[in-house]
Number of protein chains: 2
Amino acid sequence: MITLFWYGVNVPRPKQYEPDLRDRLIDAAGRLLAEEGPTALTTRRVVAAAGTTTNALYTLIGGKAELVGAMYLAGFRRLADRMDAVPEDIAPLERLSLLGGAYLDNAFANPHLYTVMFERPIPDFTPSDADLTEALSTLQRLIDQVDRCIAAGVMAPSPTAHDQAMALWAMSHGICSLTIAGMFDPAEARALCAQASTALGIGFAVGTR
Amino acid sequence: MITLFWYGVNVPRPKQYEPDLRDRLIDAAGRLLAEEGPTALTTRRVVAAAGTTTNALYTLIGGKAELVGAMYLAGFRRLADRMDAVPEDIAPLERLSLLGGAYLDNAFANPHLYTVMFERPIPDFTPSDADLTEALSTLQRLIDQVDRCIAAGVMAPSPTAHDQAMALWAMSHGICSLTIAGMFDPAEARALCAQASTALGIGFAVGTR
DNA sequence: CGGCCTGTCATAACACCGTTCTGGAACTTG
DNA sequence: CAAGTTCCAGAACGGTGTTATGACAGGCCG
C-alpha cells in the first residue's frame with residue numbers, strides 16, 4: 001500500500017529549538033545590508049551576526065536568494081507603512097504630493113534596501129512572479145490617490161488613473177535611482193521631483209482637454 | 001652616481017602582449033554580460049572566452065573592477081553613438097522624441113549593459129567621479145536638444161533647459177529601469193514614455209505662463 | 001512509557017570566485 | 001651569445017554559496 005498523504009498520519013511535528021532564529025537571521029541581514037551594502041551581505045557574515053551557522057540559514061530560510069527575497073518583501077512592507085502613515089483628511093492633491101515625498105524619504109533612508117527592491121544588486125536573487133505582484137500591489141495606494149484626485153476634479157480623467165500613477169511612479173523612481181547611482185544629490189532630487197510631478201499633472205490635464 | 005634615466009641605456013625592450021588581447025578581453029566580457037548576465041561575468045570565464053589566462057587580465061586591465069569600468073564607459077559611448085545617429089534636419093520637437101526613442105532602444109537592446117551603467121549589478125565596481133562626469137556628458141545631447149526646442153519656441157524657456165532635460169531623462173530612465181526589473185513590459189513602457197514625455201513638456205509650458 | 005521519525009543545527013567539506021605568486025619561456029638589446 | 005625584462009600558464013590563497021555528515025531534541029504511535 002502506498003501512503004498518499006505524507007502529513008496525514010504518524011508524522012511528528014517537532015518544535016523549532018530557537019523560535020526567533022529565523023527572524024534573527026533576517027534582522028542581521030537587514031542590518032548588514034543597511035550599514036555596509038550588498039557586498040557585506042554574505043551568508044557567513046549573516047550567520048555570524050545572528051550567532052548561528054550556515055546550516056540554520058539553509059534549513060530555516062533556504063539560501064541566500066530566499067534571504068534576499070525576504071528583505072525584498074520587507075522593503076515593500078516598509079514602503080507601504082510609510083505611505084499608510086500619510087494622513088487621510090487632507091486635500092487630495094496635497095496627499096498625493098505627500099505620498100511622493102514618503103516615497104523619496106523611504107528610498108533615501110535606506111538606499112541599499114531600495115536597490116534590492118528595484119535593481120538587482122545581489123545577482124543570485126531575482127523576484128518571482130508572486131514577489132512582483134505583491135510588490136506592485138504596494139503601488140495601488142498611488143493609483144487610488146490619483147483616482148481620488150480625479151473624483152475631486154483636481155486631475156484629468158484621462159489618461160486613466162493607472163497610467164497617470166505609473167508615470168508619476170516611474171518619474172519618482174528614476175530620480176531615486178539616479179540619485180542613488182550618484183548622478184544627482186538628494187536636495188536636487190527632491191526639487192526636481194516636485195517640479196516635474198506638478199508639470200506632469202498639469203500636462204495630463206491640459207493635453208486632454 | 002645615480003642613474004636617473006631608467007630606459008636610457010642597456011635596457012632591452014621585450015615583446016608585448018598580443019596587441020589586441022586587451023580588446024579581446026573586453027569584447028569577451030561584453031558578450032558574456034549580454035548573453036548570460038552579470039552572474040556569468042567572472043574573471044575565469046572571461047579569460048577562457050578570450051583564450052588567455054587570469055594574469056593577462058590583471059597586467060593588461062587591472063582586475064574585475066577595471067574590466068567592468070571599461071564596459072561602463074563603452075556603454076555610454078554606445079548610447080552616444082545611438083543618439084548621434086538621429087538625423088539633424090528635422091523638427092526640434094520630433095528630434096527630441098527620437099532621442100528618447102534611441103534611449104529606450106539602447107536600454108532594451110542590451111539591458112544588462114544598461115544596468116551596469118545605471119545600477120550596480122557587479123558590486124566590485126562603482127564608477128569613479130571621472131567616470132560619472134564622462135557618463136553625464138553623454139546626456140548633454142539631451143540638454144542641447146531641449147535648448148534648441150526652446151530657441152524654436154516649441155518648449156517653454158523656464159524651467160531651464162537643463163532642468164527640463166533632467167526631468168525627461170529621469171522619467172525615461174525610471175521606465176527603463178522598472179521595465180528591466182520586470183515591472184512593465186517593453187511595449188507598455190514605450191507607450192507610457194511617449195505619453196508621459198509629451199505631458200511633461202506641456203506641463204512645463206503651461207505651468208510657467 | 002519507549003522507540004521511531006523528523007526537523008534543527010554544528011562541523012566539515014566541496015566547488016567556485018577574485019587575486020596573487022612562482023617559474024619558465026620568449027624576445028630585445030649590448 | 002649573455003643579460004635583462006616582459007609575457008603568461010599553473011598552482012595557490014583566502015573567501016564565497018552550498019551541501020554532506022551526523023548529533024540531538026522533541027512529538028507521535030504502539
# chains A, B, ... in the order shown; residues from 1 in each chain; ligands from 1
call {"tool": "residues_around", "arguments": {"residues": "stretch 28-40 of chain B", "least_positions_apart": "2", "cutoff": "8 Å", "atoms": "only C-alpha atoms (C1' of nucleotides)", "output": "VMD selection string"}}
result
(chain A and resid 123 to 124) or (chain B and resid 24 to 26 42 45 to 47 49 to 50 67 71 110 to 113 121 to 122)
call {"tool": "residues_around", "arguments": {"residues": "D:DG22", "least_positions_apart": "4", "cutoff": "12 Å", "atoms": "only C-alpha atoms (C1' of nucleotides)", "output": "list of chain:residue names"}}
result
C:DC9, C:DA10, C:DT11, C:DA12
call {"tool": "calpha_fit_and_write", "arguments": {"fixed": "chain B", "moving": "chain A", "output": "PDB file with C-alpha atoms, in the first residue's frame"}}
result
ATOM      1  CA  MET A   1      73.065  59.119  -8.206  1.00  0.00           C
ATOM      2  CA  ILE A   2      69.365  58.632  -8.282  1.00  0.00           C
ATOM      3  CA  THR A   3      67.527  58.070 -11.499  1.00  0.00           C
ATOM      4  CA  LEU A   4      64.537  60.383 -11.548  1.00  0.00           C
ATOM      5  CA  PHE A   5      63.172  59.666 -14.988  1.00  0.00           C
ATOM      6  CA  TRP A   6      62.218  56.038 -14.986  1.00  0.00           C
ATOM      7  CA  TYR A   7      61.390  55.899 -18.644  1.00  0.00           C
ATOM      8  CA  GLY A   8      64.041  58.330 -19.726  1.00  0.00           C
ATOM      9  CA  VAL A   9      66.882  56.086 -20.675  1.00  0.00           C
ATOM     10  CA  ASN A  10      67.748  52.496 -20.988  1.00  0.00           C
ATOM     11  CA  VAL A  11      64.210  51.178 -20.757  1.00  0.00           C
ATOM     12  CA  PRO A  12      63.260  48.772 -23.495  1.00  0.00           C
ATOM     13  CA  ARG A  13      59.641  48.684 -24.593  1.00  0.00           C
ATOM     14  CA  PRO A  14      58.819  45.120 -25.487  1.00  0.00           C
ATOM     15  CA  LYS A  15      55.913  44.517 -27.756  1.00  0.00           C
ATOM     16  CA  GLN A  16      52.694  42.801 -26.794  1.00  0.00           C
ATOM     17  CA  TYR A  17      52.736  39.246 -28.065  1.00  0.00           C
ATOM     18  CA  GLU A  18      49.131  39.116 -29.159  1.00  0.00           C
ATOM     19  CA  PRO A  19      48.172  42.685 -29.919  1.00  0.00           C
ATOM     20  CA  ASP A  20      44.429  42.063 -29.817  1.00  0.00           C
ATOM     21  CA  LEU A  21      44.311  40.033 -26.634  1.00  0.00           C
ATOM     22  CA  ARG A  22      43.028  42.982 -24.614  1.00  0.00           C
ATOM     23  CA  ASP A  23      40.199  43.533 -27.074  1.00  0.00           C
ATOM     24  CA  ARG A  24      39.430  39.829 -27.165  1.00  0.00           C
ATOM     25  CA  LEU A  25      39.066  39.817 -23.392  1.00  0.00           C
ATOM     26  CA  ILE A  26      36.733  42.806 -23.402  1.00  0.00           C
ATOM     27  CA  ASP A  27      34.700  41.370 -26.267  1.00  0.00           C
ATOM     28  CA  ALA A  28      34.355  38.040 -24.505  1.00  0.00           C
ATOM     29  CA  ALA A  29      33.241  39.820 -21.354  1.00  0.00           C
ATOM     30  CA  GLY A  30      30.666  41.798 -23.304  1.00  0.00           C
ATOM     31  CA  ARG A  31      29.267  38.698 -24.931  1.00  0.00           C
ATOM     32  CA  LEU A  32      29.089  36.869 -21.622  1.00  0.00           C
ATOM     33  CA  LEU A  33      27.331  39.798 -19.975  1.00  0.00           C
ATOM     34  CA  ALA A  34      24.840  40.206 -22.801  1.00  0.00           C
ATOM     35  CA  GLU A  35      23.998  36.543 -23.118  1.00  0.00           C
ATOM     36  CA  GLU A  36      24.028  35.289 -19.554  1.00  0.00           C
ATOM     37  CA  GLY A  37      23.994  38.327 -17.326  1.00  0.00           C
ATOM     38  CA  PRO A  38      26.224  39.573 -14.542  1.00  0.00           C
ATOM     39  CA  THR A  39      26.490  36.223 -12.745  1.00  0.00           C
ATOM     40  CA  ALA A  40      28.239  34.746 -15.780  1.00  0.00           C
ATOM     41  CA  LEU A  41      30.846  37.488 -15.779  1.00  0.00           C
ATOM     42  CA  THR A  42      33.602  35.681 -13.875  1.00  0.00           C
ATOM     43  CA  THR A  43      37.287  36.149 -14.573  1.00  0.00           C
ATOM     44  CA  ARG A  44      37.732  32.473 -15.298  1.00  0.00           C
ATOM     45  CA  ARG A  45      34.908  32.306 -17.814  1.00  0.00           C
ATOM     46  CA  VAL A  46      36.103  35.477 -19.504  1.00  0.00           C
ATOM     47  CA  VAL A  47      39.671  34.279 -19.919  1.00  0.00           C
ATOM     48  CA  ALA A  48      38.479  30.863 -21.069  1.00  0.00           C
ATOM     49  CA  ALA A  49      36.235  32.483 -23.685  1.00  0.00           C
ATOM     50  CA  ALA A  50      39.172  34.595 -24.833  1.00  0.00           C
ATOM     51  CA  GLY A  51      41.426  31.548 -24.915  1.00  0.00           C
ATOM     52  CA  THR A  52      43.939  32.806 -22.394  1.00  0.00           C
ATOM     53  CA  THR A  53      44.589  32.708 -18.653  1.00  0.00           C
ATOM     54  CA  THR A  54      43.856  34.830 -15.640  1.00  0.00           C
ATOM     55  CA  ASN A  55      47.205  36.516 -15.586  1.00  0.00           C
ATOM     56  CA  ALA A  56      46.685  38.080 -18.985  1.00  0.00           C
ATOM     57  CA  LEU A  57      43.555  39.751 -17.681  1.00  0.00           C
ATOM     58  CA  TYR A  58      45.503  41.153 -14.761  1.00  0.00           C
ATOM     59  CA  THR A  59      48.508  42.417 -16.685  1.00  0.00           C
ATOM     60  CA  LEU A  60      46.529  43.747 -19.645  1.00  0.00           C
ATOM     61  CA  ILE A  61      43.473  45.137 -17.901  1.00  0.00           C
ATOM     62  CA  GLY A  62      44.108  45.160 -14.187  1.00  0.00           C
ATOM     63  CA  GLY A  63      41.341  43.084 -12.690  1.00  0.00           C
ATOM     64  CA  LYS A  64      37.625  42.487 -12.755  1.00  0.00           C
ATOM     65  CA  ALA A  65      36.737  46.021 -11.695  1.00  0.00           C
ATOM     66  CA  GLU A  66      38.749  47.504 -14.558  1.00  0.00           C
ATOM     67  CA  LEU A  67      37.175  44.999 -16.941  1.00  0.00           C
ATOM     68  CA  VAL A  68      33.717  46.126 -15.917  1.00  0.00           C
ATOM     69  CA  GLY A  69      34.916  49.714 -16.143  1.00  0.00           C
ATOM     70  CA  ALA A  70      35.832  49.155 -19.772  1.00  0.00           C
ATOM     71  CA  MET A  71      32.340  47.828 -20.435  1.00  0.00           C
ATOM     72  CA  TYR A  72      30.843  50.761 -18.564  1.00  0.00           C
ATOM     73  CA  LEU A  73      32.544  53.218 -20.906  1.00  0.00           C
ATOM     74  CA  ALA A  74      31.791  51.039 -23.925  1.00  0.00           C
ATOM     75  CA  GLY A  75      28.131  51.126 -22.932  1.00  0.00           C
ATOM     76  CA  PHE A  76      28.056  54.909 -22.912  1.00  0.00           C
ATOM     77  CA  ARG A  77      29.913  55.022 -26.205  1.00  0.00           C
ATOM     78  CA  ARG A  78      27.304  52.734 -27.703  1.00  0.00           C
ATOM     79  CA  LEU A  79      24.532  54.944 -26.339  1.00  0.00           C
ATOM     80  CA  ALA A  80      26.280  57.974 -27.835  1.00  0.00           C
ATOM     81  CA  ASP A  81      26.485  56.236 -31.217  1.00  0.00           C
ATOM     82  CA  ARG A  82      22.802  55.444 -31.138  1.00  0.00           C
ATOM     83  CA  MET A  83      21.925  59.034 -30.306  1.00  0.00           C
ATOM     84  CA  ASP A  84      24.274  60.375 -32.953  1.00  0.00           C
ATOM     85  CA  ALA A  85      22.525  58.191 -35.520  1.00  0.00           C
ATOM     86  CA  VAL A  86      19.340  60.243 -35.129  1.00  0.00           C
ATOM     87  CA  PRO A  87      19.083  62.550 -38.185  1.00  0.00           C
ATOM     88  CA  GLU A  88      19.731  66.239 -37.706  1.00  0.00           C
ATOM     89  CA  ASP A  89      17.428  67.771 -40.263  1.00  0.00           C
ATOM     90  CA  ILE A  90      14.056  67.263 -38.594  1.00  0.00           C
ATOM     91  CA  ALA A  91      11.856  69.369 -36.343  1.00  0.00           C
ATOM     92  CA  PRO A  92      13.550  69.968 -32.963  1.00  0.00           C
ATOM     93  CA  LEU A  93      10.763  68.507 -30.892  1.00  0.00           C
ATOM     94  CA  GLU A  94      10.529  65.450 -33.078  1.00  0.00           C
ATOM     95  CA  ARG A  95      14.282  64.963 -32.846  1.00  0.00           C
ATOM     96  CA  LEU A  96      14.081  65.196 -29.065  1.00  0.00           C
ATOM     97  CA  SER A  97      11.461  62.490 -29.060  1.00  0.00           C
ATOM     98  CA  LEU A  98      13.609  60.311 -31.322  1.00  0.00           C
ATOM     99  CA  LEU A  99      16.516  60.758 -28.938  1.00  0.00           C
ATOM    100  CA  GLY A 100      14.267  59.452 -26.167  1.00  0.00           C
ATOM    101  CA  GLY A 101      13.326  56.507 -28.361  1.00  0.00           C
ATOM    102  CA  ALA A 102      16.992  55.787 -29.010  1.00  0.00           C
ATOM    103  CA  TYR A 103      17.586  55.844 -25.274  1.00  0.00           C
ATOM    104  CA  LEU A 104      14.912  53.222 -24.622  1.00  0.00           C
ATOM    105  CA  ASP A 105      16.049  51.159 -27.607  1.00  0.00           C
ATOM    106  CA  ASN A 106      19.563  51.093 -26.236  1.00  0.00           C
ATOM    107  CA  ALA A 107      18.374  50.070 -22.783  1.00  0.00           C
ATOM    108  CA  PHE A 108      16.144  47.254 -23.980  1.00  0.00           C
ATOM    109  CA  ALA A 109      18.563  45.980 -26.629  1.00  0.00           C
ATOM    110  CA  ASN A 110      21.127  45.114 -23.969  1.00  0.00           C
ATOM    111  CA  PRO A 111      19.567  45.417 -20.536  1.00  0.00           C
ATOM    112  CA  HIS A 112      22.520  43.873 -18.726  1.00  0.00           C
ATOM    113  CA  LEU A 113      24.872  46.489 -20.121  1.00  0.00           C
ATOM    114  CA  TYR A 114      22.346  49.143 -19.169  1.00  0.00           C
ATOM    115  CA  THR A 115      22.403  47.995 -15.559  1.00  0.00           C
ATOM    116  CA  VAL A 116      26.193  48.116 -15.568  1.00  0.00           C
ATOM    117  CA  MET A 117      25.926  51.735 -16.686  1.00  0.00           C
ATOM    118  CA  PHE A 118      23.338  52.891 -14.172  1.00  0.00           C
ATOM    119  CA  GLU A 119      23.144  50.334 -11.411  1.00  0.00           C
ATOM    120  CA  ARG A 120      25.761  48.255  -9.626  1.00  0.00           C
ATOM    121  CA  PRO A 121      25.130  44.644 -10.665  1.00  0.00           C
ATOM    122  CA  ILE A 122      28.789  43.781 -10.118  1.00  0.00           C
ATOM    123  CA  PRO A 123      29.590  45.155  -6.686  1.00  0.00           C
ATOM    124  CA  ASP A 124      33.340  44.993  -7.247  1.00  0.00           C
ATOM    125  CA  PHE A 125      32.993  47.917  -9.639  1.00  0.00           C
ATOM    126  CA  THR A 126      32.004  51.474  -8.868  1.00  0.00           C
ATOM    127  CA  PRO A 127      32.803  54.118 -11.474  1.00  0.00           C
ATOM    128  CA  SER A 128      35.491  56.657 -10.699  1.00  0.00           C
ATOM    129  CA  ASP A 129      34.786  60.368 -10.869  1.00  0.00           C
ATOM    130  CA  ALA A 130      36.458  60.442 -14.267  1.00  0.00           C
ATOM    131  CA  ASP A 131      34.160  57.639 -15.435  1.00  0.00           C
ATOM    132  CA  LEU A 132      31.139  59.525 -14.112  1.00  0.00           C
ATOM    133  CA  THR A 133      31.966  62.780 -15.875  1.00  0.00           C
ATOM    134  CA  GLU A 134      32.676  60.911 -19.094  1.00  0.00           C
ATOM    135  CA  ALA A 135      29.342  59.131 -18.708  1.00  0.00           C
ATOM    136  CA  LEU A 136      27.478  62.353 -17.974  1.00  0.00           C
ATOM    137  CA  SER A 137      29.026  63.981 -21.018  1.00  0.00           C
ATOM    138  CA  THR A 138      26.997  61.577 -23.157  1.00  0.00           C
ATOM    139  CA  LEU A 139      23.866  63.244 -21.886  1.00  0.00           C
ATOM    140  CA  GLN A 140      25.050  66.590 -23.214  1.00  0.00           C
ATOM    141  CA  ARG A 141      23.325  65.579 -26.463  1.00  0.00           C
ATOM    142  CA  LEU A 142      20.011  65.712 -24.663  1.00  0.00           C
ATOM    143  CA  ILE A 143      20.709  69.115 -23.123  1.00  0.00           C
ATOM    144  CA  ASP A 144      21.775  70.479 -26.499  1.00  0.00           C
ATOM    145  CA  GLN A 145      18.588  69.302 -28.154  1.00  0.00           C
ATOM    146  CA  VAL A 146      16.436  70.862 -25.427  1.00  0.00           C
ATOM    147  CA  ASP A 147      18.422  74.035 -26.030  1.00  0.00           C
ATOM    148  CA  ARG A 148      17.575  73.887 -29.711  1.00  0.00           C
ATOM    149  CA  CYS A 149      13.914  73.360 -28.859  1.00  0.00           C
ATOM    150  CA  ILE A 150      14.017  76.460 -26.649  1.00  0.00           C
ATOM    151  CA  ALA A 151      15.735  78.450 -29.385  1.00  0.00           C
ATOM    152  CA  ALA A 152      13.059  77.332 -31.835  1.00  0.00           C
ATOM    153  CA  GLY A 153      10.387  78.475 -29.411  1.00  0.00           C
ATOM    154  CA  VAL A 154       8.808  75.037 -29.010  1.00  0.00           C
ATOM    155  CA  MET A 155       9.894  74.640 -25.382  1.00  0.00           C
ATOM    156  CA  ALA A 156       9.877  77.066 -22.479  1.00  0.00           C
ATOM    157  CA  PRO A 157      13.101  78.941 -21.710  1.00  0.00           C
ATOM    158  CA  SER A 158      12.636  78.216 -18.033  1.00  0.00           C
ATOM    159  CA  PRO A 159      13.590  76.078 -16.234  1.00  0.00           C
ATOM    160  CA  THR A 160      17.007  75.884 -17.872  1.00  0.00           C
ATOM    161  CA  ALA A 161      17.671  73.484 -20.702  1.00  0.00           C
ATOM    162  CA  HIS A 162      19.843  71.533 -18.278  1.00  0.00           C
ATOM    163  CA  ASP A 163      17.059  71.100 -15.739  1.00  0.00           C
ATOM    164  CA  GLN A 164      14.450  70.153 -18.312  1.00  0.00           C
ATOM    165  CA  ALA A 165      16.835  67.670 -19.908  1.00  0.00           C
ATOM    166  CA  MET A 166      17.683  66.119 -16.542  1.00  0.00           C
ATOM    167  CA  ALA A 167      13.998  65.704 -15.775  1.00  0.00           C
ATOM    168  CA  LEU A 168      13.387  64.024 -19.118  1.00  0.00           C
ATOM    169  CA  TRP A 169      16.386  61.805 -18.591  1.00  0.00           C
ATOM    170  CA  ALA A 170      15.430  60.822 -15.034  1.00  0.00           C
ATOM    171  CA  MET A 171      11.953  59.955 -16.225  1.00  0.00           C
ATOM    172  CA  SER A 172      13.235  57.822 -19.098  1.00  0.00           C
ATOM    173  CA  HIS A 173      15.799  56.133 -16.895  1.00  0.00           C
ATOM    174  CA  GLY A 174      13.180  55.430 -14.241  1.00  0.00           C
ATOM    175  CA  ILE A 175      10.998  53.710 -16.798  1.00  0.00           C
ATOM    176  CA  CYS A 176      13.916  51.700 -18.212  1.00  0.00           C
ATOM    177  CA  SER A 177      15.129  50.700 -14.766  1.00  0.00           C
ATOM    178  CA  LEU A 178      11.714  49.612 -13.537  1.00  0.00           C
ATOM    179  CA  THR A 179      11.085  47.741 -16.763  1.00  0.00           C
ATOM    180  CA  ILE A 180      14.344  45.843 -16.482  1.00  0.00           C
ATOM    181  CA  ALA A 181      13.484  45.122 -12.850  1.00  0.00           C
ATOM    182  CA  GLY A 182      10.281  43.492 -14.058  1.00  0.00           C
ATOM    183  CA  MET A 183       7.788  46.155 -12.912  1.00  0.00           C
ATOM    184  CA  PHE A 184       6.642  47.175 -16.396  1.00  0.00           C
ATOM    185  CA  ASP A 185       6.690  45.351 -19.700  1.00  0.00           C
ATOM    186  CA  PRO A 186       8.506  47.021 -22.582  1.00  0.00           C
ATOM    187  CA  ALA A 187       5.437  47.969 -24.634  1.00  0.00           C
ATOM    188  CA  GLU A 188       3.825  49.545 -21.596  1.00  0.00           C
ATOM    189  CA  ALA A 189       7.102  51.307 -20.900  1.00  0.00           C
ATOM    190  CA  ARG A 190       7.297  52.917 -24.336  1.00  0.00           C
ATOM    191  CA  ALA A 191       3.740  54.190 -24.170  1.00  0.00           C
ATOM    192  CA  LEU A 192       4.235  55.528 -20.668  1.00  0.00           C
ATOM    193  CA  CYS A 193       7.445  57.256 -21.656  1.00  0.00           C
ATOM    194  CA  ALA A 194       5.922  58.984 -24.675  1.00  0.00           C
ATOM    195  CA  GLN A 195       2.892  60.109 -22.705  1.00  0.00           C
ATOM    196  CA  ALA A 196       4.882  61.349 -19.723  1.00  0.00           C
ATOM    197  CA  SER A 197       7.556  63.103 -21.774  1.00  0.00           C
ATOM    198  CA  THR A 198       5.091  65.250 -23.647  1.00  0.00           C
ATOM    199  CA  ALA A 199       3.267  65.998 -20.405  1.00  0.00           C
ATOM    200  CA  LEU A 200       6.548  67.053 -18.861  1.00  0.00           C
ATOM    201  CA  GLY A 201       7.292  69.414 -21.738  1.00  0.00           C
ATOM    202  CA  ILE A 202       3.826  70.936 -21.606  1.00  0.00           C
ATOM    203  CA  GLY A 203       4.026  71.259 -17.843  1.00  0.00           C
ATOM    204  CA  PHE A 204       7.309  73.112 -17.990  1.00  0.00           C
ATOM    205  CA  ALA A 205       5.928  75.443 -20.649  1.00  0.00           C
ATOM    206  CA  VAL A 206       2.685  76.178 -18.825  1.00  0.00           C
ATOM    207  CA  GLY A 207       4.122  76.321 -15.345  1.00  0.00           C
ATOM    208  CA  THR A 208       6.280  79.302 -16.161  1.00  0.00           C
ATOM    209  CA  ARG A 209       4.088  81.485 -18.302  1.00  0.00           C
TER     210      ARG A 209
END
call {"tool": "interface_residues", "arguments": {"of": "chain D", "to": "chain B", "cutoff": "7 Å", "atoms": "only C-alpha atoms (C1' of nucleotides)", "output": "MDAnalysis selection string"}}
result
chainID D and resid 4:8
call {"tool": "atom_distance", "arguments": {"atom1": "atom C1' of D:DT21", "atom2": "atom C1' of C:DG2"}}
result
26.9 Å
call {"tool": "atom_distance", "arguments": {"atom1": "atom C1' of D:DA11", "atom2": "atom C1' of C:DC21"}}
result
8.6 Å
call {"tool": "atom_distance", "arguments": {"atom1": "atom C1' of C:DT29", "atom2": "atom C1' of D:DA9"}}
result
26.1 Å
call {"tool": "select_by_dssp", "arguments": {"residues": "stretch 57-209 of chain B", "states": "alpha helix (DSSP H)", "output": "ChimeraX atom specification"}}
result
/B:57-60,64-84,92-109,111-118,129-138,140-151,161-180,186-207
